[in-house]
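**Q** This is data_17.txt, which holds compact mmCIF, C-alpha atoms and all ligand atoms:
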```txt
# COMPACT_ATOMS: atom_id res chain seq x y z
CA MET A 266 -39.05 13.85 -34.97
CA THR A 267 -36.61 15.31 -37.47
CA THR A 268 -35.99 19.01 -36.87
CA LEU A 269 -34.58 22.00 -38.68
CA LYS A 270 -31.50 21.65 -36.47
CA ASP A 271 -30.91 18.12 -37.80
CA ARG A 272 -31.17 19.46 -41.29
CA ARG A 273 -28.73 22.31 -40.77
CA ARG A 274 -26.08 20.12 -39.21
CA PHE A 275 -24.72 18.55 -42.39
CA LEU A 276 -24.51 21.75 -44.39
CA LYS A 277 -20.89 22.88 -44.42
CA THR A 278 -20.52 26.58 -43.76
CA SER A 279 -19.04 28.69 -46.50
CA ALA A 280 -18.15 31.76 -44.39
CA GLY A 281 -15.19 33.68 -45.76
CA VAL A 282 -15.28 32.12 -49.22
CA SER A 283 -15.73 34.61 -52.01
CA LEU A 284 -18.86 33.70 -53.92
CA LEU A 285 -17.38 35.08 -57.11
CA ALA A 286 -14.20 33.02 -56.85
CA GLY A 287 -16.27 29.86 -56.34
CA ALA A 288 -18.37 30.61 -59.35
CA THR A 289 -15.70 31.32 -61.94
CA SER A 290 -13.79 28.12 -61.31
CA ALA A 291 -16.95 26.08 -61.97
CA VAL A 292 -17.94 27.87 -65.17
CA LYS A 293 -16.87 26.45 -68.51
CA ALA A 294 -18.45 27.03 -71.88
CA HIS A 295 -21.34 24.67 -72.61
CA ASP A 296 -20.25 21.84 -74.87
CA THR A 297 -21.21 23.22 -78.29
CA THR A 298 -19.39 20.44 -80.11
CA ASN A 299 -22.38 18.25 -79.26
CA PRO A 300 -24.27 18.22 -82.60
CA LEU A 301 -27.62 18.41 -80.80
CA ALA A 302 -26.58 21.63 -79.10
CA ARG A 303 -26.46 23.34 -82.52
CA SER A 304 -29.50 21.67 -84.05
CA GLY A 305 -32.25 23.76 -82.50
CA TYR A 306 -33.19 20.82 -80.28
CA GLY A 307 -31.87 21.10 -76.73
CA ALA A 308 -29.06 18.92 -75.50
CA ARG A 309 -28.59 18.14 -71.84
CA SER A 310 -25.53 18.96 -69.80
CA GLN A 311 -22.58 16.67 -70.37
CA TYR A 312 -22.63 16.03 -66.61
CA ASP A 313 -26.15 14.63 -66.71
CA THR A 314 -25.46 11.02 -67.60
CA ALA A 315 -28.68 9.18 -66.70
CA VAL A 316 -29.51 6.52 -69.29
CA ARG A 317 -31.88 3.67 -69.96
CA ILE A 318 -30.27 0.26 -69.70
CA SER A 319 -31.24 -3.07 -71.23
CA ASP A 320 -33.51 -5.31 -69.19
CA GLY A 321 -31.15 -8.12 -70.17
CA GLY A 322 -34.03 -10.30 -71.34
CA SER A 323 -34.13 -9.37 -75.01
CA ASN A 324 -32.56 -11.37 -77.80
CA CYS A 325 -32.32 -8.28 -80.00
CA SER A 326 -28.85 -7.56 -81.36
CA PHE A 327 -28.94 -4.06 -79.90
CA ALA A 328 -30.65 -5.00 -76.68
CA SER A 329 -30.29 -1.57 -75.15
CA ASP A 330 -32.48 -0.18 -77.92
CA CYS A 331 -35.19 -2.81 -77.66
CA ASN A 332 -36.28 -3.50 -74.10
CA THR A 333 -35.04 -0.95 -71.63
CA LEU A 334 -35.44 0.23 -68.05
CA THR A 335 -36.01 3.74 -66.69
CA PRO A 336 -33.30 5.08 -64.34
CA LEU A 337 -35.77 5.76 -61.50
CA GLN A 338 -32.88 6.64 -59.19
CA ASP A 339 -32.06 9.67 -61.38
CA LEU A 340 -35.60 11.07 -61.65
CA VAL A 341 -37.23 13.81 -59.60
CA GLY A 342 -40.92 14.73 -59.57
CA ILE A 343 -43.43 12.47 -61.31
CA ILE A 344 -42.79 12.90 -65.05
CA THR A 345 -40.38 10.68 -66.96
CA PRO A 346 -38.44 12.49 -69.69
CA PRO A 347 -39.30 10.64 -72.93
CA PRO A 348 -35.66 9.70 -73.71
CA LEU A 349 -35.59 7.90 -70.34
CA HIS A 350 -39.05 6.27 -70.59
CA PHE A 351 -38.55 2.48 -70.38
CA ASN A 352 -39.62 0.68 -73.49
CA SER A 353 -40.85 -2.70 -74.44
CA ALA A 354 -40.95 -3.83 -78.04
CA HIS A 355 -40.40 -7.57 -77.70
CA GLY A 356 -37.09 -7.48 -79.49
CA ALA A 357 -38.06 -5.20 -82.37
CA PHE A 358 -36.90 -1.73 -83.34
CA PRO A 359 -39.52 0.98 -83.60
CA PRO A 360 -40.92 0.98 -87.14
CA ASP A 361 -40.07 4.16 -89.07
CA ILE A 362 -43.50 5.63 -89.78
CA ASN A 363 -43.97 8.78 -91.86
CA PRO A 364 -46.89 10.60 -90.20
CA ASP A 365 -48.00 12.00 -93.57
CA GLU A 366 -48.57 8.47 -94.85
CA PHE A 367 -50.06 7.16 -91.63
CA THR A 368 -53.66 5.88 -91.48
CA LEU A 369 -55.70 4.65 -88.54
CA TYR A 370 -58.52 2.24 -89.48
CA ILE A 371 -61.54 1.55 -87.29
CA HIS A 372 -63.77 -1.28 -88.40
CA GLY A 373 -65.67 -4.36 -87.21
CA LEU A 374 -68.93 -4.03 -85.30
CA VAL A 375 -69.48 -0.36 -86.15
CA GLU A 376 -72.12 1.55 -88.09
CA ARG A 377 -69.48 3.52 -90.02
CA PRO A 378 -66.01 2.02 -90.59
CA LEU A 379 -63.66 5.02 -90.60
CA LYS A 380 -60.12 5.91 -91.46
CA PHE A 381 -58.15 8.86 -90.17
CA SER A 382 -54.91 10.47 -91.18
CA LEU A 383 -52.90 11.93 -88.32
CA ALA A 384 -53.95 15.42 -89.41
CA GLU A 385 -57.61 14.36 -89.28
CA LEU A 386 -57.17 12.92 -85.80
CA LYS A 387 -55.70 16.25 -84.68
CA ARG A 388 -58.88 18.03 -85.80
CA LEU A 389 -60.88 16.10 -83.21
CA PRO A 390 -61.33 17.10 -79.54
CA PHE A 391 -58.31 16.17 -77.44
CA ILE A 392 -57.46 15.68 -73.79
CA SER A 393 -54.20 15.60 -71.86
CA ARG A 394 -53.80 13.31 -68.91
CA ILE A 395 -50.87 12.40 -66.68
CA ALA A 396 -50.72 8.63 -66.22
CA HIS A 397 -48.17 5.92 -65.66
CA ILE A 398 -47.44 2.83 -67.73
CA GLU A 399 -46.17 -0.26 -65.96
CA CYS A 400 -45.10 -3.47 -67.66
CA GLU A 401 -46.55 -6.70 -66.33
CA ALA A 402 -42.97 -7.97 -65.99
CA ASN A 403 -41.95 -5.23 -63.52
CA TYR A 404 -40.69 -7.44 -60.70
CA PRO A 405 -37.22 -7.98 -59.27
CA ALA A 406 -34.68 -10.73 -59.88
CA GLU A 407 -31.97 -11.83 -57.51
CA SER A 408 -29.16 -10.35 -59.63
CA ASP A 409 -30.72 -6.86 -59.46
CA ILE A 410 -28.65 -4.12 -57.85
CA THR A 411 -30.37 -0.79 -58.46
CA VAL A 412 -33.97 0.43 -58.47
CA GLN A 413 -33.60 0.70 -62.25
CA HIS A 414 -33.28 -3.09 -62.32
CA THR A 415 -35.89 -3.86 -59.67
CA HIS A 416 -38.63 -1.38 -60.68
CA GLY A 417 -37.50 0.27 -63.96
CA LYS A 418 -40.42 -0.92 -66.10
CA VAL A 419 -42.66 1.92 -64.95
CA SER A 420 -42.77 5.50 -66.22
CA CYS A 421 -45.19 8.41 -66.14
CA SER A 422 -46.02 11.00 -68.79
CA GLU A 423 -48.59 13.55 -69.79
CA TRP A 424 -50.35 11.91 -72.73
CA THR A 425 -52.29 14.00 -75.26
CA GLY A 426 -54.69 12.76 -77.87
CA VAL A 427 -58.26 11.91 -78.83
CA PRO A 428 -60.40 10.18 -76.19
CA VAL A 429 -61.29 6.64 -77.30
CA SER A 430 -64.91 7.51 -76.46
CA VAL A 431 -64.90 10.28 -79.11
CA ILE A 432 -63.68 7.90 -81.82
CA MET A 433 -66.21 5.25 -80.81
CA GLU A 434 -68.98 7.84 -80.99
CA GLU A 435 -67.81 8.87 -84.48
CA CYS A 436 -67.97 5.32 -85.82
CA GLY A 437 -71.10 4.23 -83.91
CA VAL A 438 -70.42 1.00 -82.04
CA LYS A 439 -73.11 -1.64 -82.61
CA PRO A 440 -74.80 -2.98 -79.46
CA GLU A 441 -72.96 -6.31 -79.73
CA GLY A 442 -69.57 -4.57 -79.88
CA THR A 443 -68.01 -5.21 -76.45
CA TRP A 444 -64.29 -5.61 -77.21
CA ILE A 445 -61.68 -3.84 -79.30
CA VAL A 446 -58.64 -5.46 -80.86
CA CYS A 447 -55.79 -2.96 -81.25
CA GLU A 448 -52.99 -3.73 -83.69
CA GLY A 449 -49.55 -2.12 -83.98
CA MET A 450 -47.37 -1.75 -87.07
CA ASP A 451 -44.35 -3.52 -85.62
CA ARG A 452 -42.74 -6.65 -86.98
CA ASP A 453 -45.07 -9.14 -85.32
CA LEU A 454 -48.16 -6.88 -85.45
CA HIS A 455 -48.36 -6.65 -81.67
CA SER A 456 -52.04 -6.73 -80.84
CA LYS A 457 -54.25 -6.86 -77.82
CA SER A 458 -57.94 -7.46 -77.15
CA ILE A 459 -59.29 -4.97 -74.64
CA PRO A 460 -62.79 -4.85 -73.11
CA LEU A 461 -64.46 -1.81 -74.70
CA ALA A 462 -65.72 -0.60 -71.32
CA SER A 463 -62.17 -0.22 -69.97
CA ALA A 464 -60.82 1.17 -73.27
CA MET A 465 -63.40 4.00 -73.12
CA ASP A 466 -61.24 5.64 -70.45
CA GLY A 467 -58.29 5.59 -72.85
CA ILE A 468 -56.63 8.07 -75.18
CA LEU A 469 -55.45 7.65 -78.76
CA ALA A 470 -52.28 9.51 -77.90
CA TYR A 471 -50.08 11.40 -80.35
CA GLY A 472 -48.43 13.58 -77.70
CA GLN A 473 -46.16 12.84 -74.77
CA ASN A 474 -44.97 15.54 -72.35
CA GLY A 475 -45.78 18.33 -74.77
CA ALA A 476 -44.18 16.86 -77.90
CA PRO A 477 -44.98 14.15 -80.44
CA LEU A 478 -44.53 10.60 -79.12
CA MET A 479 -40.96 9.31 -79.31
CA PRO A 480 -40.46 6.41 -81.77
CA HIS A 481 -39.90 4.01 -78.86
CA GLN A 482 -43.20 5.09 -77.33
CA GLY A 483 -45.22 4.48 -80.49
CA PHE A 484 -44.78 7.43 -82.88
CA PRO A 485 -47.06 8.59 -84.34
CA LEU A 486 -49.96 7.01 -82.39
CA ARG A 487 -50.58 4.66 -79.49
CA ILE A 488 -53.48 3.76 -77.27
CA MET A 489 -52.95 4.66 -73.63
CA ILE A 490 -55.37 3.28 -71.04
CA PRO A 491 -54.56 4.57 -67.56
CA GLY A 492 -54.22 1.73 -65.07
CA ALA A 493 -54.22 -1.05 -67.67
CA GLY A 494 -51.26 -3.43 -67.77
CA GLY A 495 -48.49 -2.10 -70.00
CA PHE A 496 -49.12 -4.72 -72.67
CA SER A 497 -52.50 -3.15 -73.55
CA ASN A 498 -51.03 0.22 -74.51
CA VAL A 499 -50.45 -0.75 -78.14
CA LYS A 500 -47.83 1.43 -79.88
CA TRP A 501 -47.60 2.31 -83.60
CA LEU A 502 -51.36 1.76 -83.53
CA HIS A 503 -52.91 1.56 -87.01
CA ARG A 504 -56.00 -0.61 -86.63
CA ILE A 505 -58.84 -0.94 -84.14
CA LYS A 506 -61.41 -3.64 -84.74
CA VAL A 507 -64.58 -3.63 -82.67
CA THR A 508 -65.56 -7.23 -81.84
CA ASP A 509 -67.87 -9.21 -79.59
CA GLU A 510 -65.11 -11.34 -78.06
CA PRO A 511 -61.36 -11.28 -77.40
CA TYR A 512 -59.34 -12.49 -80.42
CA LEU A 513 -56.29 -13.92 -78.69
CA THR A 514 -54.00 -13.15 -81.62
CA PRO A 515 -50.57 -14.86 -81.67
CA SER A 516 -48.81 -11.95 -79.99
CA GLU A 517 -51.41 -11.61 -77.23
CA ARG A 518 -50.94 -12.23 -73.56
CA PHE A 519 -53.45 -12.08 -70.79
CA SER A 520 -52.83 -9.17 -68.54
CA LYS A 521 -53.99 -8.65 -65.03
CA PRO A 522 -54.74 -5.28 -63.52
CA PHE A 523 -52.13 -3.71 -61.30
CA SER A 524 -52.82 -2.86 -57.72
CA VAL A 525 -50.94 -0.34 -55.55
CA LYS A 526 -47.14 -0.20 -55.44
CA SER A 527 -44.29 2.01 -54.20
CA VAL A 528 -40.52 2.08 -53.99
CA ILE A 529 -37.92 4.30 -52.36
CA THR A 530 -35.64 5.75 -55.04
CA TYR A 531 -33.30 7.65 -52.68
CA PRO A 532 -31.50 6.12 -50.96
CA SER A 533 -31.68 3.02 -53.14
CA GLY A 534 -29.55 0.12 -54.32
CA GLY A 535 -26.07 0.99 -55.54
CA GLN A 536 -26.13 4.47 -53.99
CA GLN A 537 -23.75 5.56 -51.27
CA LEU A 538 -24.66 7.67 -48.21
CA ASP A 539 -22.10 10.29 -47.26
CA GLY A 540 -21.98 9.61 -43.52
CA ARG A 541 -24.52 9.88 -40.74
CA GLY A 542 -26.88 12.83 -40.54
CA TYR A 543 -29.80 14.34 -42.36
CA TYR A 544 -31.28 12.88 -45.58
CA THR A 545 -34.58 13.33 -47.38
CA ILE A 546 -35.90 9.90 -48.29
CA SER A 547 -37.70 10.10 -51.65
CA GLY A 548 -39.74 7.64 -53.63
CA MET A 549 -42.57 6.93 -56.04
CA ALA A 550 -45.98 5.38 -55.45
CA TRP A 551 -48.65 4.50 -57.99
CA SER A 552 -51.78 2.42 -58.38
CA GLY A 553 -53.57 0.98 -61.40
CA ARG A 554 -56.82 1.25 -59.44
CA GLY A 555 -56.93 4.81 -58.18
CA ALA A 556 -54.96 7.64 -56.62
CA ILE A 557 -52.41 7.27 -53.85
CA LYS A 558 -53.94 8.04 -50.48
CA THR A 559 -51.02 7.55 -48.08
CA VAL A 560 -47.47 6.25 -48.13
CA ASP A 561 -45.84 5.10 -44.90
CA VAL A 562 -42.08 4.78 -44.62
CA SER A 563 -40.14 2.67 -42.16
CA THR A 564 -36.48 3.39 -41.37
CA ASP A 565 -36.15 0.46 -38.96
CA GLY A 566 -36.98 -2.54 -41.09
CA GLY A 567 -40.73 -2.33 -40.61
CA ASN A 568 -40.95 -2.08 -36.80
CA THR A 569 -42.33 1.45 -36.91
CA TRP A 570 -43.87 3.46 -39.75
CA GLN A 571 -44.24 7.19 -40.37
CA PRO A 572 -46.51 8.90 -42.88
CA ALA A 573 -44.54 10.35 -45.81
CA ARG A 574 -45.35 13.73 -47.33
CA LEU A 575 -47.11 13.39 -50.70
CA GLU A 576 -45.99 15.95 -53.24
CA GLU A 577 -48.78 17.54 -55.32
CA PRO A 578 -50.26 16.73 -57.75
CA VAL A 579 -51.57 13.41 -56.45
CA LEU A 580 -53.36 11.99 -59.50
CA ASP A 581 -55.50 9.00 -60.36
CA LYS A 582 -53.44 6.21 -61.96
CA ALA A 583 -50.25 8.24 -62.04
CA ILE A 584 -46.97 8.26 -60.17
CA THR A 585 -47.04 10.22 -56.89
CA ARG A 586 -43.80 11.47 -55.34
CA PHE A 587 -43.36 11.00 -51.59
CA SER A 588 -40.69 12.08 -49.14
CA LEU A 589 -39.71 11.78 -45.49
CA PRO A 590 -36.96 13.56 -43.54
CA TRP A 591 -34.57 11.11 -41.89
CA VAL A 592 -31.54 11.36 -39.65
CA TRP A 593 -29.30 8.37 -40.17
CA ASP A 594 -27.45 7.45 -36.99
CA GLY A 595 -24.84 5.47 -38.91
CA SER A 596 -26.08 2.03 -37.87
CA GLU A 597 -27.16 -0.71 -40.27
CA THR A 598 -30.87 -0.52 -41.05
CA VAL A 599 -33.57 -1.34 -43.60
CA LEU A 600 -35.77 1.23 -45.38
CA LYS A 601 -39.24 0.31 -46.67
CA SER A 602 -42.28 2.07 -48.09
CA ARG A 603 -45.92 0.95 -48.05
CA ALA A 604 -48.56 2.67 -50.16
CA LEU A 605 -52.35 2.72 -49.83
CA ASP A 606 -54.66 3.86 -52.65
CA ASP A 607 -58.06 5.53 -52.46
CA ALA A 608 -59.77 2.28 -53.49
CA GLY A 609 -58.52 0.73 -50.23
CA ASN A 610 -55.72 -1.40 -51.71
CA ILE A 611 -52.55 -1.64 -49.65
CA GLN A 612 -49.13 -3.01 -50.57
CA PRO A 613 -48.64 -6.43 -49.00
CA THR A 614 -45.56 -7.98 -47.43
CA PRO A 615 -44.18 -11.16 -49.04
CA GLU A 616 -45.42 -13.00 -45.92
CA GLU A 617 -48.98 -11.79 -46.51
CA VAL A 618 -48.91 -12.79 -50.19
CA SER A 619 -47.46 -16.17 -49.31
CA GLU A 620 -50.22 -16.81 -46.80
CA LYS A 621 -52.95 -15.66 -49.18
CA LEU A 622 -51.71 -17.85 -52.06
CA GLY A 623 -50.64 -20.80 -49.93
CA ALA A 624 -47.19 -20.66 -51.55
CA SER A 625 -43.70 -20.36 -50.11
CA ILE A 626 -42.35 -16.89 -49.41
CA ASP A 627 -39.50 -17.59 -51.82
CA ASP A 628 -41.93 -18.53 -54.63
CA VAL A 629 -43.99 -15.36 -54.26
CA LYS A 630 -40.92 -13.12 -54.05
CA ARG A 631 -39.68 -14.64 -57.30
CA ASN A 632 -43.11 -14.31 -58.91
CA ARG A 633 -43.16 -18.07 -59.53
CA VAL A 634 -46.55 -18.34 -57.85
CA ARG A 635 -48.71 -15.41 -58.84
CA SER A 636 -51.85 -13.84 -57.56
CA GLN A 637 -54.89 -14.02 -59.83
CA ASP A 638 -55.96 -10.45 -59.25
CA THR A 639 -52.81 -8.36 -59.30
CA GLN A 640 -49.25 -8.15 -60.54
CA TRP A 641 -46.20 -8.29 -58.23
CA ASN A 642 -46.50 -5.34 -55.85
CA MET A 643 -44.87 -6.25 -52.57
CA ILE A 644 -43.25 -3.93 -50.03
CA PHE A 645 -39.64 -3.51 -51.12
CA PRO A 646 -36.73 -3.25 -48.66
CA TRP A 647 -33.34 -1.53 -49.06
CA ARG A 648 -30.56 -2.33 -46.59
CA VAL A 649 -28.25 0.52 -45.55
CA LYS A 650 -24.94 -0.79 -44.27
CA THR A 651 -22.70 1.03 -41.75
CA ASP A 652 -20.36 2.10 -44.59
CA GLY A 653 -23.31 3.95 -46.21
CA SER A 654 -23.72 1.49 -49.08
CA VAL A 655 -27.30 0.54 -50.04
CA HIS A 656 -28.42 -2.93 -51.18
CA VAL A 657 -31.48 -4.91 -52.26
CA ASP A 658 -32.72 -6.68 -49.13
CA LEU A 659 -35.57 -8.75 -50.54
CA TRP A 660 -33.97 -12.16 -50.64
CA THR A 661 -32.70 -12.51 -47.06
N1 LIG A 701 -46.93 -2.32 -80.95
C1 LIG A 701 -46.47 -2.65 -79.73
N2 LIG A 701 -47.03 -2.07 -78.66
C2 LIG A 701 -46.61 -2.40 -77.41
C3 LIG A 701 -45.58 -3.36 -77.22
C4 LIG A 701 -44.99 -3.96 -78.37
O1 LIG A 701 -44.08 -4.80 -78.29
N3 LIG A 701 -45.46 -3.57 -79.61
N4 LIG A 701 -45.20 -3.68 -75.94
C5 LIG A 701 -46.22 -3.47 -74.89
C6 LIG A 701 -45.70 -3.64 -73.56
S1 LIG A 701 -45.45 -5.23 -73.03
C7 LIG A 701 -45.51 -2.58 -72.69
S2 LIG A 701 -45.02 -2.84 -71.11
C8 LIG A 701 -45.74 -1.18 -73.13
C9 LIG A 701 -44.54 -0.33 -72.80
O2 LIG A 701 -44.69 0.97 -73.28
P1 LIG A 701 -43.39 1.81 -73.57
O3 LIG A 701 -42.50 1.01 -74.45
O4 LIG A 701 -43.84 3.10 -74.16
O5 LIG A 701 -42.74 2.03 -72.23
O6 LIG A 701 -45.99 -1.10 -74.52
C10 LIG A 701 -46.88 -2.09 -75.01
N5 LIG A 701 -47.21 -1.80 -76.37
MO MO A 702 -44.61 -5.16 -70.94
```
With the file now loaded, output its structure as structure tokens.
**A**
Amino acid sequence: MTTLKDRRRFLKTSAGVSLLAGATSAVKAHDTTNPLARSGYGARSQYDTAVRISDGGSNCSFASDCNTLTPLQDLVGIITPPPLHFNSAHGAFPPDINPDEFTLYIHGLVERPLKFSLAELKRLPFISRIAHIECEANYPAESDITVQHTHGKVSCSEWTGVPVSVIMEECGVKPEGTWIVCEGMDRDLHSKSIPLASAMDGILAYGQNGAPLMPHQGFPLRIMIPGAGGFSNVKWLHRIKVTDEPYLTPSERFSKPFSVKSVITYPSGGQQLDGRGYYTISGMAWSGRGAIKTVDVSTDGGNTWQPARLEEPVLDKAITRFSLPWVWDGSETVLKSRALDDAGNIQPTPEEVSEKLGASIDDVKRNRVRSQDTQWNMIFPWRVKTDGSVHVDLWT
């Protein structure tokens, strides 16, 4: 058991040091040469350097602006700041959409085809809901070093907008209307057929974490369906057609629902522990099928497991923050987390997936052989070496 005494041990005492002297040497004027600092829109500290990075897979000429990864290792809590929200646009820049000229069309198998300006949408009832988005391609590759590489295609925001159910009620879906096809305004008209029943839980979102959507997240409007694969959350949404079958448009891909997943973000790959002693292990857990019920953490490579503390709020289809106190004795070890959701899904080991699919462990780790019913969600190990360095330990 980790005790208060363990925790106190690493804190260096500051007896005899004048608090005032310490303070003045650290205080400099905030960097007001930063144009944002003078614009009426807040700028972060120059010492806060967390950034999105390219996922490396895009053929866009400014890859870092097209398909990017969230720096999970730099986040605390459960909300992703919009400028750090990963983004997927299949190689395209966000279209520049003037909200005053924007129109959303709803047509197809409806009693009343409707169109809405953004201002009209904002007159309708709204909800706000905290939910994560995870890309179907959120699985690790052997060259990955940090948790940003291995798990950075997931983020969590408070989304605000009109419930899909309200819009469907307004236009009167005909009995044979069982699907919707959502189309975005980007270069290749990204579109996705979604079963109406699952879309009814969605939001036509114009707000993200208290502000309008960022361009990369779909400004001025996207559909956000909690728990759906990322691909379904069509950005720059301008058209919804109610249909009686999926359309399978050229940009479409089949997406499978996500199950439960977790990852330790501290300590994680590329980080450096500052000697033996007390640490608070921290991580994120989420499920596309419910709320997180428990997260167990192992600090000995999976031999023994301890229940982590779940930080409130623990929400349905949203990221949950977990933590566990740990005293590192300085020896080499492996850290793992294993989440369980309230629908009874549990994160599998690669061995379990391999057995279930009748495929080699290597093939399932590399996502070459995939499960029919869920995306890649295996227990993920970090190796802590005696020098305090932390490494991906999946491939050994
Ligand atoms: N219009 C449009 N919507 C889109 C995409 C796109 O390329 N175009 N990418 C989808 C994919 S694959 C994912 S994973 C999510 C990612 O949402 P984000 O970019 O806000 O993180 O958006 C989805 N919506
Ligand atoms: Mo995606």
**Q** Report the distance between atom CA of Ile410 of chain A and atom CA of Ser319 of chain A in Å, rounded to one decimal place.
**A**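 Spanning atom CA of Ile410 of chain A to atom CA of Ser319 of chain A is a straight-line distance of 13.7 Å.
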**Q** Pull the closest atom pair for each residue of chain A that gets at most 10 Å from ligand MO 702 (chain A), along with the distance in Å to one decimal, counting all atoms listed in the file, ordering rows by chain and then ascending residue number, as JSON lines.
**A**
```
{"residue": "A:Asn332", "atom": "CA", "partner": "A:MO702", "partner_atom": "MO", "distance": 9.1}
{"residue": "A:Phe351", "atom": "CA", "partner": "A:MO702", "partner_atom": "MO", "distance": 9.8}
{"residue": "A:Asn352", "atom": "CA", "partner": "A:MO702", "partner_atom": "MO", "distance": 8.1}
{"residue": "A:Ser353", "atom": "CA", "partner": "A:MO702", "partner_atom": "MO", "distance": 5.7}
{"residue": "A:Ala354", "atom": "CA", "partner": "A:MO702", "partner_atom": "MO", "distance": 8.1}
{"residue": "A:His355", "atom": "CA", "partner": "A:MO702", "partner_atom": "MO", "distance": 8.3}
{"residue": "A:Ile398", "atom": "CA", "partner": "A:MO702", "partner_atom": "MO", "distance": 9.1}
{"residue": "A:Glu399", "atom": "CA", "partner": "A:MO702", "partner_atom": "MO", "distance": 7.2}
{"residue": "A:Cys400", "atom": "CA", "partner": "A:MO702", "partner_atom": "MO", "distance": 3.7}
{"residue": "A:Glu401", "atom": "CA", "partner": "A:MO702", "partner_atom": "MO", "distance": 5.2}
{"residue": "A:Ala402", "atom": "CA", "partner": "A:MO702", "partner_atom": "MO", "distance": 5.9}
{"residue": "A:Asn403", "atom": "CA", "partner": "A:MO702", "partner_atom": "MO", "distance": 7.9}
{"residue": "A:Lys418", "atom": "CA", "partner": "A:MO702", "partner_atom": "MO", "distance": 7.7}
{"residue": "A:Val419", "atom": "CA", "partner": "A:MO702", "partner_atom": "MO", "distance": 9.5}
{"residue": "A:Gly494", "atom": "CA", "partner": "A:MO702", "partner_atom": "MO", "distance": 7.6}
{"residue": "A:Gly495", "atom": "CA", "partner": "A:MO702", "partner_atom": "MO", "distance": 5.0}
{"residue": "A:Phe496", "atom": "CA", "partner": "A:MO702", "partner_atom": "MO", "distance": 4.9}
{"residue": "A:Ser497", "atom": "CA", "partner": "A:MO702", "partner_atom": "MO", "distance": 8.6}
{"residue": "A:Asn498", "atom": "CA", "partner": "A:MO702", "partner_atom": "MO", "distance": 9.1}
{"residue": "A:Arg518", "atom": "CA", "partner": "A:MO702", "partner_atom": "MO", "distance": 9.8}
{"residue": "A:Ser520", "atom": "CA", "partner": "A:MO702", "partner_atom": "MO", "distance": 9.5}
```
**Q** Write a file of the just-selected residues containing C-alpha atoms, as an mmCIF file, in the coordinates of the input.
**A**
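Wrote it out as out-v5.cif, contents follow:
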```
data_model
loop_
_atom_site.group_PDB
_atom_site.id
_atom_site.type_symbol
_atom_site.label_atom_id
_atom_site.label_comp_id
_atom_site.auth_asym_id
_atom_site.auth_seq_id
_atom_site.Cartn_x
_atom_site.Cartn_y
_atom_site.Cartn_z
ATOM 1 C CA ASN A 332 -36.280 -3.500 -74.100
ATOM 2 C CA PHE A 351 -38.550 2.480 -70.380
ATOM 3 C CA ASN A 352 -39.620 0.680 -73.490
ATOM 4 C CA SER A 353 -40.850 -2.700 -74.440
ATOM 5 C CA ALA A 354 -40.950 -3.830 -78.040
ATOM 6 C CA HIS A 355 -40.400 -7.570 -77.700
ATOM 7 C CA ILE A 398 -47.440 2.830 -67.730
ATOM 8 C CA GLU A 399 -46.170 -0.260 -65.960
ATOM 9 C CA CYS A 400 -45.100 -3.470 -67.660
ATOM 10 C CA GLU A 401 -46.550 -6.700 -66.330
ATOM 11 C CA ALA A 402 -42.970 -7.970 -65.990
ATOM 12 C CA ASN A 403 -41.950 -5.230 -63.520
ATOM 13 C CA LYS A 418 -40.420 -0.920 -66.100
ATOM 14 C CA VAL A 419 -42.660 1.920 -64.950
ATOM 15 C CA GLY A 494 -51.260 -3.430 -67.770
ATOM 16 C CA GLY A 495 -48.490 -2.100 -70.000
ATOM 17 C CA PHE A 496 -49.120 -4.720 -72.670
ATOM 18 C CA SER A 497 -52.500 -3.150 -73.550
ATOM 19 C CA ASN A 498 -51.030 0.220 -74.510
ATOM 20 C CA ARG A 518 -50.940 -12.230 -73.560
ATOM 21 C CA SER A 520 -52.830 -9.170 -68.540
#
```
**Q** Measure the distance from atom CA of Asp361 of chain A to atom CA of Arg452 of chain A in Å and round it to one decimal.
**A**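 Computing the Euclidean distance for atom CA of Asp361 of chain A and atom CA of Arg452 of chain A yields 11.3 Å.
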**Q** Let me make sure I understand: among A:Pro378, A:Pro590, A:Gly342, A:Gly417, which one has the smallest atom-to-atom distance to ligand LIG 701 (chain A) if we use only C-alpha atoms and all ligand atoms?
**A**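 Nearest candidate to ligand LIG 701 (chain A) out of A:Pro378, A:Pro590, A:Gly342, A:Gly417: A:Gly417.
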**Q** Neighbours of segment 533-540 of chain A within 8 Å (only C-alpha atoms; same-chain residues fewer than 2 positions away dropped), as a VMD selection string?
**A** chain A and resid 338 410 to 412 529 to 531 542 595 647 652 to 657
**Q** Only C-alpha atoms, please: the residues just picked out, written as an mmCIF file, keeping the file's coordinate frame.
**A**
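See part25.cif below for the written result:
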```
data_model
loop_
_atom_site.group_PDB
_atom_site.id
_atom_site.type_symbol
_atom_site.label_atom_id
_atom_site.label_comp_id
_atom_site.auth_asym_id
_atom_site.auth_seq_id
_atom_site.Cartn_x
_atom_site.Cartn_y
_atom_site.Cartn_z
ATOM 1 C CA GLN A 338 -32.880 6.640 -59.190
ATOM 2 C CA ILE A 410 -28.650 -4.120 -57.850
ATOM 3 C CA THR A 411 -30.370 -0.790 -58.460
ATOM 4 C CA VAL A 412 -33.970 0.430 -58.470
ATOM 5 C CA ILE A 529 -37.920 4.300 -52.360
ATOM 6 C CA THR A 530 -35.640 5.750 -55.040
ATOM 7 C CA TYR A 531 -33.300 7.650 -52.680
ATOM 8 C CA GLY A 542 -26.880 12.830 -40.540
ATOM 9 C CA GLY A 595 -24.840 5.470 -38.910
ATOM 10 C CA TRP A 647 -33.340 -1.530 -49.060
ATOM 11 C CA ASP A 652 -20.360 2.100 -44.590
ATOM 12 C CA GLY A 653 -23.310 3.950 -46.210
ATOM 13 C CA SER A 654 -23.720 1.490 -49.080
ATOM 14 C CA VAL A 655 -27.300 0.540 -50.040
ATOM 15 C CA HIS A 656 -28.420 -2.930 -51.180
ATOM 16 C CA VAL A 657 -31.480 -4.910 -52.260
#
```
